[in-house]
file work07.tsv (TSV, C-alpha atoms and all ligand atoms)
chain	number	residue	atom	x	y	z
X	6	MET	CA	-21.59	-8.13	-36.99
X	7	VAL	CA	-23.01	-5.48	-39.34
X	8	TRP	CA	-25.81	-6.61	-41.75
X	9	LEU	CA	-25.17	-5.36	-45.30
X	10	PRO	CA	-27.86	-5.85	-47.98
X	11	CYS	CA	-27.16	-7.01	-51.59
X	12	MET	CA	-23.69	-8.30	-50.91
X	13	GLY	CA	-22.02	-11.32	-52.46
X	14	ALA	CA	-20.17	-13.92	-50.35
X	15	ARG	CA	-16.78	-12.42	-51.31
X	16	ASP	CA	-17.83	-8.92	-50.30
X	17	GLU	CA	-19.08	-10.27	-47.03
X	18	VAL	CA	-15.73	-11.94	-46.29
X	19	GLU	CA	-13.88	-8.75	-47.25
X	20	GLU	CA	-16.13	-6.62	-45.06
X	21	HIS	CA	-15.68	-9.07	-42.18
X	22	SER	CA	-11.90	-8.91	-42.46
X	23	LYS	CA	-12.02	-5.07	-42.56
X	24	GLN	CA	-14.16	-5.15	-39.46
X	25	ILE	CA	-11.56	-7.33	-37.70
X	26	ASP	CA	-8.80	-4.91	-38.83
X	27	ARG	CA	-10.75	-2.01	-37.38
X	28	GLU	CA	-11.21	-3.88	-34.11
X	29	ILE	CA	-7.51	-4.74	-33.89
X	30	LYS	CA	-6.56	-1.10	-34.60
X	31	GLN	CA	-8.95	0.05	-31.89
X	32	TRP	CA	-7.53	-2.50	-29.48
X	33	ILE	CA	-3.92	-1.44	-30.18
X	34	LYS	CA	-4.95	2.20	-29.78
X	35	SER	CA	-6.52	1.58	-26.39
X	36	TYR	CA	-3.58	-0.65	-25.38
X	37	ASN	CA	-1.14	2.17	-26.17
X	38	GLN	CA	-3.31	4.78	-24.58
X	39	ALA	CA	-3.65	3.16	-21.17
X	40	ILE	CA	-1.46	4.91	-18.59
X	41	LYS	CA	0.47	2.22	-16.77
X	42	LEU	CA	1.12	2.90	-13.11
X	43	LEU	CA	3.21	0.73	-10.82
X	44	LEU	CA	2.85	0.76	-7.04
X	45	LEU	CA	6.14	0.14	-5.24
X	46	GLY	CA	7.27	0.28	-1.62
X	47	THR	CA	8.29	-1.96	1.28
X	48	GLY	CA	5.88	-4.41	2.95
X	49	GLU	CA	2.84	-2.82	4.65
X	50	SER	CA	3.45	0.62	3.09
X	51	GLY	CA	-0.13	0.75	1.73
X	52	LYS	CA	0.07	-0.33	-1.94
X	53	THR	CA	-2.88	-2.74	-1.88
X	54	THR	CA	-4.89	-0.17	0.07
X	55	ILE	CA	-4.46	2.22	-2.89
X	56	ILE	CA	-5.70	-0.53	-5.25
X	57	LYS	CA	-8.78	-0.95	-3.02
X	58	GLN	CA	-9.37	2.84	-3.18
X	59	MET	CA	-9.23	2.74	-7.00
X	60	LYS	CA	-11.84	-0.02	-6.87
X	61	ILE	CA	-14.06	2.17	-4.67
X	62	LEU	CA	-13.48	5.37	-6.66
X	63	HIS	CA	-13.26	4.17	-10.27
X	64	VAL	CA	-14.66	0.64	-10.53
X	65	GLN	CA	-17.92	-0.59	-8.97
X	66	GLY	CA	-16.61	-1.18	-5.43
X	67	PHE	CA	-16.87	-4.52	-3.60
X	68	SER	CA	-19.43	-7.22	-4.40
X	69	VAL	CA	-21.39	-9.21	-1.81
X	70	SER	CA	-19.10	-12.23	-2.22
X	71	GLU	CA	-15.95	-10.07	-1.93
X	72	ARG	CA	-17.32	-8.59	1.31
X	73	ALA	CA	-18.04	-12.08	2.69
X	74	GLU	CA	-14.48	-13.13	1.87
X	75	LYS	CA	-13.12	-10.00	3.63
X	76	ALA	CA	-15.25	-10.76	6.73
X	77	ASN	CA	-13.26	-13.99	7.18
X	78	LEU	CA	-9.98	-12.15	6.66
X	79	ILE	CA	-10.96	-9.50	9.20
X	80	ARG	CA	-11.74	-12.21	11.80
X	81	HIS	CA	-8.32	-13.64	11.07
X	82	ASN	CA	-6.80	-10.13	11.49
X	83	ILE	CA	-8.42	-10.05	14.97
X	84	HIS	CA	-6.79	-13.35	15.82
X	85	GLU	CA	-3.37	-12.32	14.48
X	86	SER	CA	-3.59	-9.12	16.54
X	87	ILE	CA	-4.56	-10.57	19.91
X	88	HIS	CA	-2.29	-13.59	19.46
X	89	ASP	CA	0.76	-11.47	18.68
X	90	ILE	CA	0.09	-9.07	21.58
X	91	VAL	CA	-0.36	-11.76	24.25
X	92	ASP	CA	2.49	-13.83	22.81
X	93	ASN	CA	4.87	-10.87	23.29
X	94	MET	CA	3.84	-10.18	26.89
X	95	ASN	CA	6.29	-12.85	28.13
X	96	ILE	CA	9.13	-11.54	25.98
X	97	LEU	CA	8.59	-7.95	27.11
X	98	ASN	CA	8.00	-9.13	30.68
X	99	ILE	CA	4.57	-7.52	30.98
X	100	PRO	CA	2.16	-9.31	33.35
X	101	LEU	CA	-1.62	-9.47	32.91
X	102	GLN	CA	-3.43	-6.89	35.02
X	103	LYS	CA	-5.90	-9.57	36.20
X	104	PRO	CA	-4.21	-12.97	36.86
X	105	LYS	CA	-7.56	-14.75	36.22
X	106	ASN	CA	-7.28	-13.71	32.55
X	107	GLU	CA	-4.42	-16.19	32.18
X	108	TYR	CA	-6.97	-18.82	31.13
X	109	SER	CA	-8.04	-16.64	28.16
X	110	ARG	CA	-4.42	-15.97	27.25
X	111	GLU	CA	-3.66	-19.69	27.16
X	112	TYR	CA	-6.83	-20.34	25.15
X	113	ILE	CA	-5.63	-17.89	22.44
X	114	LEU	CA	-2.01	-19.06	22.46
X	115	LYS	CA	-3.07	-22.71	22.13
X	116	LEU	CA	-4.78	-21.86	18.82
X	117	GLY	CA	-1.41	-20.82	17.35
X	118	PRO	CA	-0.93	-18.02	14.79
X	119	GLU	CA	-3.39	-19.61	12.34
X	120	GLY	CA	-6.35	-19.28	14.71
X	121	PRO	CA	-9.50	-21.37	15.08
X	122	THR	CA	-11.22	-23.18	12.22
X	123	LYS	CA	-14.49	-21.65	13.43
X	124	TYR	CA	-14.89	-18.31	15.21
X	125	THR	CA	-17.31	-19.05	18.06
X	126	GLU	CA	-18.97	-16.91	20.74
X	127	GLU	CA	-16.60	-18.45	23.29
X	128	TYR	CA	-13.61	-17.40	21.17
X	129	PHE	CA	-14.74	-13.77	20.96
X	130	ASP	CA	-15.47	-13.70	24.73
X	131	HIS	CA	-11.83	-14.59	25.40
X	132	VAL	CA	-10.58	-11.92	22.98
X	133	ARG	CA	-12.86	-9.30	24.59
X	134	THR	CA	-11.66	-10.22	28.10
X	135	LEU	CA	-8.03	-9.88	27.04
X	136	TRP	CA	-8.49	-6.62	25.13
X	137	ARG	CA	-9.97	-5.08	28.34
X	138	ASP	CA	-6.94	-6.13	30.41
X	139	GLY	CA	-4.52	-3.31	31.37
X	140	GLY	CA	-1.44	-5.53	30.84
X	141	VAL	CA	-2.57	-6.40	27.30
X	142	ARG	CA	-3.04	-2.67	26.60
X	143	GLU	CA	0.44	-1.93	27.93
X	144	CYS	CA	1.91	-4.56	25.61
X	145	PHE	CA	-0.14	-3.08	22.74
X	146	ARG	CA	1.31	0.39	23.48
X	147	ARG	CA	4.80	-1.10	23.04
X	148	SER	CA	3.96	-2.77	19.71
X	149	ASN	CA	6.83	-1.00	17.92
X	150	GLU	CA	9.09	-3.48	19.77
X	151	TYR	CA	7.59	-6.48	17.95
X	152	GLN	CA	5.47	-7.16	14.83
X	153	LEU	CA	1.80	-6.18	14.97
X	154	ILE	CA	-0.53	-5.25	12.10
X	155	ASP	CA	-1.47	-1.57	11.91
X	156	SER	CA	-5.20	-2.26	12.10
X	157	ALA	CA	-5.06	-4.24	15.38
X	158	GLU	CA	-6.69	-1.51	17.50
X	159	TYR	CA	-9.27	-0.67	14.79
X	160	PHE	CA	-10.56	-4.26	14.63
X	161	LEU	CA	-10.21	-5.15	18.33
X	162	ASP	CA	-12.33	-2.08	19.14
X	163	ARG	CA	-15.05	-3.47	16.85
X	164	ILE	CA	-15.33	-7.07	18.13
X	165	ASP	CA	-19.01	-6.66	19.05
X	166	LEU	CA	-19.84	-5.94	15.41
X	167	ILE	CA	-17.40	-8.35	13.76
X	168	GLU	CA	-18.43	-11.38	15.84
X	169	LYS	CA	-22.01	-11.23	14.51
X	170	THR	CA	-22.70	-14.07	12.05
X	171	ASP	CA	-24.37	-11.63	9.62
X	172	TYR	CA	-21.47	-9.11	9.78
X	173	VAL	CA	-20.86	-7.40	6.42
X	174	PRO	CA	-17.66	-5.31	6.34
X	175	SER	CA	-18.01	-1.65	5.33
X	176	ASP	CA	-15.61	-0.04	2.83
X	177	ALA	CA	-13.70	1.43	5.80
X	178	ASP	CA	-13.29	-2.07	7.31
X	179	ILE	CA	-12.09	-3.50	3.97
X	180	LEU	CA	-9.53	-0.69	3.65
X	181	ARG	CA	-8.18	-1.61	7.10
X	182	CYS	CA	-8.08	-5.33	6.42
X	183	ARG	CA	-4.52	-6.65	6.04
X	184	GLN	CA	-3.41	-9.41	3.66
X	185	LYS	CA	0.16	-9.60	2.42
X	186	THR	CA	0.53	-9.49	-1.38
X	187	THR	CA	2.41	-12.27	-3.11
X	188	GLY	CA	2.90	-12.09	-6.88
X	189	ILE	CA	1.62	-9.34	-9.15
X	190	GLN	CA	-1.91	-8.00	-9.46
X	191	LYS	CA	-3.45	-5.58	-11.94
X	192	ILE	CA	-6.52	-3.36	-11.87
X	193	GLU	CA	-7.90	-1.57	-14.95
X	194	PHE	CA	-10.13	1.49	-14.77
X	195	LYS	CA	-11.22	4.54	-16.74
X	196	VAL	CA	-11.29	8.14	-15.52
X	197	LYS	CA	-12.84	11.24	-17.09
X	198	VAL	CA	-10.25	13.76	-18.29
X	199	PRO	CA	-11.06	17.40	-17.43
X	200	LYS	CA	-12.12	19.51	-20.46
X	201	SER	CA	-9.17	21.82	-19.80
X	202	MET	CA	-6.88	18.82	-20.42
X	203	GLN	CA	-8.25	17.50	-23.75
X	204	GLY	CA	-11.44	15.94	-22.30
X	205	GLY	CA	-12.60	12.38	-22.99
X	206	VAL	CA	-11.76	9.30	-20.97
X	207	GLN	CA	-8.37	8.01	-19.85
X	208	GLU	CA	-7.71	4.36	-19.24
X	209	PHE	CA	-5.38	3.32	-16.40
X	210	TRP	CA	-3.67	0.05	-15.64
X	211	MET	CA	-2.36	-0.11	-12.11
X	212	PHE	CA	-0.01	-2.87	-10.97
X	213	ASP	CA	0.39	-4.00	-7.36
X	214	VAL	CA	3.34	-6.07	-6.14
X	215	GLY	CA	4.43	-7.56	-2.82
X	216	GLY	CA	6.81	-5.27	-0.92
X	217	GLN	CA	8.58	-7.69	1.41
X	218	ARG	CA	12.19	-8.53	0.49
X	219	GLY	CA	11.40	-12.00	-0.87
X	220	GLU	CA	8.81	-10.50	-3.26
X	221	ARG	CA	11.02	-7.80	-4.79
X	222	LYS	CA	12.82	-10.05	-7.25
X	223	LYS	CA	9.48	-10.36	-9.11
X	224	TRP	CA	9.19	-6.59	-9.66
X	225	ILE	CA	11.30	-6.49	-12.80
X	226	GLN	CA	8.60	-8.43	-14.67
X	227	VAL	CA	6.40	-5.33	-14.72
X	228	PHE	CA	9.00	-2.57	-15.31
X	229	GLU	CA	8.50	-2.54	-19.10
X	230	GLY	CA	6.38	0.36	-20.41
X	231	ILE	CA	5.53	1.84	-17.00
X	232	ASN	CA	4.59	5.53	-17.26
X	233	ALA	CA	4.69	6.43	-13.59
X	234	ILE	CA	5.65	4.83	-10.30
X	235	TRP	CA	3.81	5.56	-7.11
X	236	PHE	CA	6.29	4.81	-4.36
X	237	LEU	CA	4.66	4.41	-0.95
X	238	VAL	CA	6.38	4.98	2.39
X	239	ALA	CA	4.80	4.22	5.77
X	240	CYS	CA	6.03	7.31	7.67
X	241	SER	CA	4.78	6.00	11.02
X	242	ASP	CA	7.28	3.13	10.71
X	243	PHE	CA	10.21	5.23	11.98
X	244	ASP	CA	10.48	3.30	15.27
X	245	GLN	CA	9.72	-0.20	13.91
X	246	THR	CA	11.80	-3.00	12.43
X	247	LEU	CA	11.06	-5.14	9.36
X	248	ARG	CA	8.83	-8.18	9.66
X	249	GLU	CA	11.35	-10.12	7.54
X	250	ASP	CA	14.49	-8.78	9.33
X	251	ALA	CA	14.25	-7.61	12.94
X	252	THR	CA	17.66	-5.91	12.71
X	253	GLN	CA	16.60	-3.38	10.09
X	254	ASN	CA	14.64	-0.18	10.78
X	255	ARG	CA	11.58	0.03	8.47
X	256	LEU	CA	12.05	3.67	7.44
X	257	LYS	CA	15.75	3.09	6.68
X	258	GLU	CA	14.74	0.13	4.48
X	259	ALA	CA	12.22	2.37	2.67
X	260	LEU	CA	14.93	5.00	2.05
X	261	ALA	CA	17.38	2.41	0.65
X	262	LEU	CA	14.68	0.89	-1.57
X	263	PHE	CA	13.58	4.30	-2.83
X	264	GLU	CA	17.15	5.11	-3.78
X	265	ASP	CA	17.40	1.84	-5.72
X	266	VAL	CA	14.18	2.58	-7.58
X	267	TRP	CA	15.21	6.19	-8.29
X	268	GLN	CA	18.51	5.02	-9.74
X	269	SER	CA	17.27	1.88	-11.51
X	270	ARG	CA	18.21	1.89	-15.19
X	271	PHE	CA	14.96	0.02	-15.97
X	272	LEU	CA	12.84	2.84	-14.63
X	273	LEU	CA	14.61	5.93	-15.99
X	274	GLU	CA	11.70	6.77	-18.31
X	275	ALA	CA	9.02	6.48	-15.64
X	276	GLY	CA	7.75	9.46	-13.65
X	277	LEU	CA	8.12	9.10	-9.91
X	278	ILE	CA	5.56	10.16	-7.33
X	279	LEU	CA	6.34	9.62	-3.67
X	280	PHE	CA	3.43	9.00	-1.30
X	281	LEU	CA	4.52	9.80	2.26
X	282	ASN	CA	1.77	7.60	3.66
X	283	LYS	CA	0.19	6.75	7.04
X	284	GLN	CA	0.07	10.41	8.07
X	285	ASP	CA	-2.81	9.64	10.47
X	286	LEU	CA	-0.70	7.06	12.32
X	287	LEU	CA	2.36	9.33	12.27
X	288	GLU	CA	0.36	12.16	13.81
X	289	SER	CA	-1.05	10.00	16.61
X	290	LYS	CA	2.34	8.43	17.32
X	291	VAL	CA	3.96	11.86	17.67
X	292	ALA	CA	1.01	13.04	19.80
X	293	GLN	CA	1.76	10.11	22.17
X	294	GLY	CA	5.23	11.62	22.67
X	295	ARG	CA	7.15	9.21	20.43
X	296	SER	CA	10.05	10.95	18.68
X	297	ILE	CA	11.95	10.08	15.51
X	298	ALA	CA	15.21	11.51	17.02
X	299	PRO	CA	16.54	8.31	18.66
X	300	TYR	CA	16.32	6.51	15.29
X	301	PHE	CA	17.41	9.44	13.09
X	302	PRO	CA	19.70	11.68	15.22
X	303	LYS	CA	19.89	14.21	12.33
X	304	TYR	CA	16.39	15.26	13.41
X	305	ASN	CA	17.95	17.17	16.34
X	306	GLU	CA	19.60	19.54	13.84
X	307	PHE	CA	16.61	19.80	11.51
X	308	GLU	CA	15.23	23.29	11.29
X	309	ALA	CA	11.58	23.79	10.35
X	310	ALA	CA	8.65	25.73	11.74
X	311	GLY	CA	5.53	24.09	13.12
X	312	ASP	CA	4.46	21.60	15.73
X	313	GLU	CA	6.27	18.32	16.42
X	314	TYR	CA	4.16	16.34	13.90
X	315	THR	CA	4.68	18.90	11.11
X	316	ARG	CA	8.41	19.01	11.79
X	317	THR	CA	8.59	15.19	11.79
X	318	LYS	CA	6.77	14.83	8.46
X	319	LEU	CA	8.89	17.56	6.86
X	320	PHE	CA	12.03	15.90	8.20
X	321	ILE	CA	11.01	12.54	6.68
X	322	ARG	CA	10.39	14.30	3.35
X	323	SER	CA	13.83	15.93	3.58
X	324	LEU	CA	15.44	12.48	3.92
X	325	PHE	CA	13.95	11.51	0.52
X	326	VAL	CA	14.74	14.89	-1.07
X	327	ASP	CA	18.38	14.41	-0.03
X	328	LEU	CA	18.45	11.10	-1.90
X	329	ILE	CA	17.19	12.51	-5.19
X	330	THR	CA	19.39	15.58	-5.09
X	331	LYS	CA	22.55	13.66	-4.19
X	332	LYS	CA	24.94	12.90	-7.04
X	333	ARG	CA	24.19	9.66	-8.83
X	334	GLU	CA	26.60	6.91	-7.99
X	335	ARG	CA	27.27	3.80	-10.00
X	336	ARG	CA	26.89	0.84	-7.68
X	337	ALA	CA	27.45	-2.85	-8.21
X	338	LEU	CA	24.51	-5.21	-8.38
X	339	ASP	CA	24.04	-6.73	-4.97
X	340	ALA	CA	21.84	-9.76	-5.55
X	341	SER	CA	21.42	-10.68	-1.89
X	342	ALA	CA	19.94	-7.27	-1.09
X	343	GLU	CA	17.70	-7.36	-4.19
X	344	ARG	CA	19.13	-4.12	-5.49
X	345	PHE	CA	18.69	-3.03	-9.09
X	346	VAL	CA	21.44	-2.20	-11.54
X	347	ILE	CA	22.22	1.49	-11.45
X	348	ALA	CA	22.77	3.75	-14.44
X	349	GLU	CA	22.98	7.43	-15.28
X	350	ALA	CA	19.72	9.22	-16.07
X	351	ARG	CA	19.49	10.38	-19.64
X	352	ARG	CA	17.78	13.60	-18.65
X	353	PRO	CA	16.90	15.47	-15.47
X	354	ARG	CA	14.02	13.82	-13.64
X	355	GLU	CA	11.47	15.16	-11.28
X	356	CYS	CA	9.93	13.52	-8.26
X	357	TYR	CA	6.61	14.67	-6.84
X	358	PHE	CA	5.73	14.36	-3.15
X	359	HIS	CA	2.37	13.86	-1.47
X	360	PHE	CA	1.49	13.39	2.21
X	361	THR	CA	-1.23	10.72	2.25
X	362	THR	CA	-3.50	8.55	4.37
X	363	ALA	CA	-4.30	5.64	2.07
X	364	THR	CA	-7.25	4.47	4.18
X	365	ASP	CA	-9.00	7.86	3.72
X	366	THR	CA	-11.02	7.79	0.48
X	367	ASP	CA	-11.43	11.60	0.29
X	368	ASN	CA	-7.68	12.08	0.68
X	369	VAL	CA	-6.89	9.52	-2.04
X	370	ARG	CA	-9.52	11.06	-4.37
X	371	THR	CA	-7.83	14.48	-4.09
X	372	VAL	CA	-4.31	13.09	-4.44
X	373	PHE	CA	-5.34	11.00	-7.46
X	374	ARG	CA	-6.80	14.10	-9.13
X	375	ASP	CA	-3.51	15.99	-8.62
X	376	VAL	CA	-1.42	13.07	-9.81
X	377	HIS	CA	-3.64	12.55	-12.88
X	378	GLN	CA	-3.16	16.24	-13.72
X	379	ILE	CA	0.64	15.88	-13.40
X	380	ILE	CA	0.69	12.83	-15.66
X	381	LEU	CA	-1.50	14.52	-18.28
X	382	THR	CA	0.65	17.63	-18.22
X	383	HIS	CA	3.71	15.47	-18.82
X	384	MET	CA	1.96	13.65	-21.65
X	385	LEU	CA	0.83	16.85	-23.34
X	386	SER	CA	4.14	18.64	-23.01
X	387	ASN	CA	5.93	15.41	-23.88
X	388	LEU	CA	8.22	15.85	-20.93
X	389	GLY	CA	8.86	12.25	-20.11
X	390	VAL	CA	6.13	10.53	-18.10
X	391	TYR	CA	4.54	9.41	-21.39
P	401	LIG	N1	-4.17	3.93	9.54
P	401	LIG	C1	-3.67	3.70	8.32
P	401	LIG	N2	-3.52	2.44	7.91
P	401	LIG	C2	-3.02	2.25	6.66
P	401	LIG	C3	-2.67	3.31	5.79
P	401	LIG	N3	-2.22	2.78	4.62
P	401	LIG	C4	-2.31	1.44	4.77
P	401	LIG	N4	-2.79	1.12	6.00
P	401	LIG	C5	-2.98	-0.22	6.58
P	401	LIG	O1	-1.72	-0.84	6.60
P	401	LIG	C6	-1.85	-2.23	6.34
P	401	LIG	C7	-0.91	-2.60	5.21
P	401	LIG	O2	-1.37	-2.02	3.99
P	401	LIG	P1	-1.27	-2.78	2.60
P	401	LIG	O3	-1.96	-1.92	1.60
P	401	LIG	O4	-1.72	-4.19	2.75
P	401	LIG	O5	0.32	-2.75	2.38
P	401	LIG	P2	1.12	-3.27	1.11
P	401	LIG	O6	2.07	-2.19	0.75
P	401	LIG	O7	0.21	-3.74	0.05
P	401	LIG	O8	1.94	-4.51	1.76
P	401	LIG	P3	2.55	-5.79	0.99
P	401	LIG	O9	1.44	-6.43	0.23
P	401	LIG	O10	3.11	-6.66	2.08
P	401	LIG	O11	3.64	-5.26	0.11
P	401	LIG	C8	-3.33	-2.47	6.03
P	401	LIG	O12	-3.95	-3.01	7.17
P	401	LIG	C9	-3.87	-1.08	5.73
P	401	LIG	O13	-5.21	-0.94	6.11
P	401	LIG	C10	-2.83	4.65	6.27
P	401	LIG	O14	-2.52	5.65	5.60
P	401	LIG	N5	-3.34	4.77	7.54
P	402	MG	MG	-0.07	-5.54	-0.79
call {"tool": "encode", "arguments": {"input": "work07.tsv", "output": "structure tokens"}}
result
Amino acid sequence: MVWLPCMGARDEVEEHSKQIDREIKQWIKSYNQAIKLLLLGTGESGKTTIIKQMKILHVQGFSVSERAEKANLIRHNIHESIHDIVDNMNILNIPLQKPKNEYSREYILKLGPEGPTKYTEEYFDHVRTLWRDGGVRECFRRSNEYQLIDSAEYFLDRIDLIEKTDYVPSDADILRCRQKTTGIQKIEFKVKVPKSMQGGVQEFWMFDVGGQRGERKKWIQVFEGINAIWFLVACSDFDQTLREDATQNRLKEALALFEDVWQSRFLLEAGLILFLNKQDLLESKVAQGRSIAPYFPKYNEFEAAGDEYTRTKLFIRSLFVDLITKKRERRALDASAERFVIAEARRPRECYFHFTTATDTDNVRTVFRDVHQIILTHMLSNLGVY
């Protein structure tokens, strides 16, 4: 409150009300000015990982209590990983390399998917024994045939560190930690605008939603006023099926969902940026000799220069390009498949593509800079995103 000398009570009231008016105007201005971004994509495509990167890059990172909370989650990720691997050995008919490790396998399976209430030294000894077993590794190599979190190997390779009672997760560990999103979350942050683009500070609101089928009906709640959508695709998923439906290929689900978003009448005004994510995992999968061709036979006719990984990533991009260049079709609302109502676009739209690794902070920093530039250009030239 500003102190004003020689003022009567009435003047003071008037000045106070003007002050409130000014504050409201300022608030409305900043409300309107915030760029609203919405992260979309199927389950495990990397949306929450992008939110974590924004926290690292543009907010103050993770507090001591947040890190302690993540340490528990990471221990649970270790349990989920080893439990799901050894549980699937029977189904895939893979024996343990050392029969004496059966005791450890039973110890883990008895704990169920939830895991122990307390993570003891004895618990970690059993996990370590199993992770060294050749049969367990063989079952891990075939993890595209069942459901296993992407960070299983990363955490199981770090048991010695994670089992310590004073373990504090690093940013890299937190980025790898997996927790399914339910509901809608929002992060607010400010970013400096380059002098060449007006200068000053730009406020962002970024919304994160759950990507599994059951979560998608909630998405519509946040469609209003969105300036740009970041649609994430886990490219390494080409040989995996959905956690919520083992009959559906994950990449095919991502393509169908992208098409729905691209054609949604609620999102016609929003800019669309496609993040072809998990490039690190795609590269290592292809290097292990795994090909996309059995799942997408069109790959055999795809012509592009470069090594197998480059050709695979360009092929995946071409699948999405085909969807946006294909003629718009009017389709009926199919409630069971959680599809959106389709409508004609009022004007030509553009879609930008980026190859990303969401767990790599340097990569996300660069991509964010490019994307910010695109959004600002759109705002300045009034071409739609804003
Ligand atoms: N190696 C690697 N792992 C990634 C990448 N992006 C995400 N992950 C991991 O994949 C897992 C799933 O990522 P999330 O960010 O939780 O996925 P999401 O899209 O939020 O999933 P839902 O909340 O179920 O919709 C996490 O363990 C991440 O660490 C990537 O580019 N490379
Ligand atoms: Mg999430």
call {"tool": "atom_distance", "arguments": {"input": "work07.tsv", "atom1": "CA of Lys257 in chain X", "atom2": "atom O2 of ligand LIG 401 (chain P)"}}
result
18.1 Å
call {"tool": "residues_near_ligand", "arguments": {"input": "work07.tsv", "ligand": "ligand LIG 401 (chain P)", "cutoff": "9 Å", "atoms": "only C-alpha atoms and all ligand atoms", "output": "PyMOL selection string"}}
result
chain X and resi 44-57+82+154-157+159+177-187+213-217+220+237-241+281-287+361-365
call {"tool": "closest_residue", "arguments": {"input": "work07.tsv", "among": "X:Leu256, X:Ala310, X:Ala73, X:Met94", "to": "Asp244 in chain X", "atoms": "all atoms listed in the file"}}
result
X:Leu256
call {"tool": "residues_around", "arguments": {"input": "work07.tsv", "residues": "range 141-151 of chain X", "least_positions_apart": "4", "cutoff": "9 Å", "atoms": "only C-alpha atoms", "output": "PyMOL selection string"}}
result
chain X and resi 87+89-91+93-94+97+99-102+135-137+157-158+242+244-246+248+251
call {"tool": "atom_distance", "arguments": {"input": "work07.tsv", "atom1": "CA of Ala76 in chain X", "atom2": "CA of Thr122 in chain X"}}
result
14.2 Å
call {"tool": "closest_residue", "arguments": {"input": "work07.tsv", "among": "X:Gly188, X:Pro302, X:Pro199, X:Gly219", "to": "ligand MG 402 (chain P)", "atoms": "only C-alpha atoms and all ligand atoms"}}
result
X:Gly188
call {"tool": "residues_around", "arguments": {"input": "work07.tsv", "residues": "Arg374 in chain X", "least_positions_apart": "3", "cutoff": "12 Å", "atoms": "all atoms listed in the file", "output": "ChimeraX atom specification"}}
result
/X:59,62-63,196-199,359,367-371,377-381
call {"tool": "closest_residue", "arguments": {"input": "work07.tsv", "among": "X:Cys356, X:Leu277, X:Ala233, X:Leu272", "to": "Ile40 in chain X", "atoms": "only C-alpha atoms"}}
result
X:Ala233
call {"tool": "atom_distance", "arguments": {"input": "work07.tsv", "atom1": "CA of Trp267 in chain X", "atom2": "CA of Asn254 in chain X"}}
result
20.1 Å
call {"tool": "build_atoms", "arguments": {"input": "work07.tsv", "residues": "range 363-372 of chain X", "atoms": "N, CA, C and O atoms", "output": "mmCIF file, in the frame of the given file"}}
result
data_model
loop_
_atom_site.group_PDB
_atom_site.id
_atom_site.type_symbol
_atom_site.label_atom_id
_atom_site.label_comp_id
_atom_site.auth_asym_id
_atom_site.auth_seq_id
_atom_site.Cartn_x
_atom_site.Cartn_y
_atom_site.Cartn_z
ATOM 1 N N ALA X 363 -3.714 6.497 3.109
ATOM 2 C CA ALA X 363 -4.300 5.640 2.070
ATOM 3 C C ALA X 363 -5.670 5.070 2.460
ATOM 4 O O ALA X 363 -6.452 4.689 1.594
ATOM 5 N N THR X 364 -5.959 5.006 3.764
ATOM 6 C CA THR X 364 -7.250 4.470 4.180
ATOM 7 C C THR X 364 -8.368 5.521 4.096
ATOM 8 O O THR X 364 -9.531 5.201 4.316
ATOM 9 N N ASP X 365 -8.023 6.763 3.787
ATOM 10 C CA ASP X 365 -9.000 7.860 3.720
ATOM 11 C C ASP X 365 -9.372 8.112 2.254
ATOM 12 O O ASP X 365 -8.576 8.655 1.483
ATOM 13 N N THR X 366 -10.596 7.716 1.890
ATOM 14 C CA THR X 366 -11.020 7.790 0.480
ATOM 15 C C THR X 366 -10.995 9.226 -0.055
ATOM 16 O O THR X 366 -10.579 9.456 -1.196
ATOM 17 N N ASP X 367 -11.425 10.203 0.765
ATOM 18 C CA ASP X 367 -11.430 11.600 0.290
ATOM 19 C C ASP X 367 -10.010 12.074 -0.002
ATOM 20 O O ASP X 367 -9.760 12.763 -0.987
ATOM 21 N N ASN X 368 -9.081 11.695 0.870
ATOM 22 C CA ASN X 368 -7.680 12.080 0.680
ATOM 23 C C ASN X 368 -7.142 11.477 -0.615
ATOM 24 O O ASN X 368 -6.517 12.162 -1.425
ATOM 25 N N VAL X 369 -7.418 10.200 -0.843
ATOM 26 C CA VAL X 369 -6.890 9.520 -2.040
ATOM 27 C C VAL X 369 -7.541 10.102 -3.305
ATOM 28 O O VAL X 369 -6.878 10.273 -4.324
ATOM 29 N N ARG X 370 -8.834 10.453 -3.210
ATOM 30 C CA ARG X 370 -9.520 11.060 -4.370
ATOM 31 C C ARG X 370 -8.803 12.343 -4.788
ATOM 32 O O ARG X 370 -8.487 12.558 -5.953
ATOM 33 N N THR X 371 -8.506 13.207 -3.812
ATOM 34 C CA THR X 371 -7.830 14.480 -4.090
ATOM 35 C C THR X 371 -6.433 14.254 -4.647
ATOM 36 O O THR X 371 -6.036 14.867 -5.639
ATOM 37 N N VAL X 372 -5.690 13.351 -4.004
ATOM 38 C CA VAL X 372 -4.310 13.090 -4.440
ATOM 39 C C VAL X 372 -4.334 12.514 -5.862
ATOM 40 O O VAL X 372 -3.540 12.911 -6.714
#
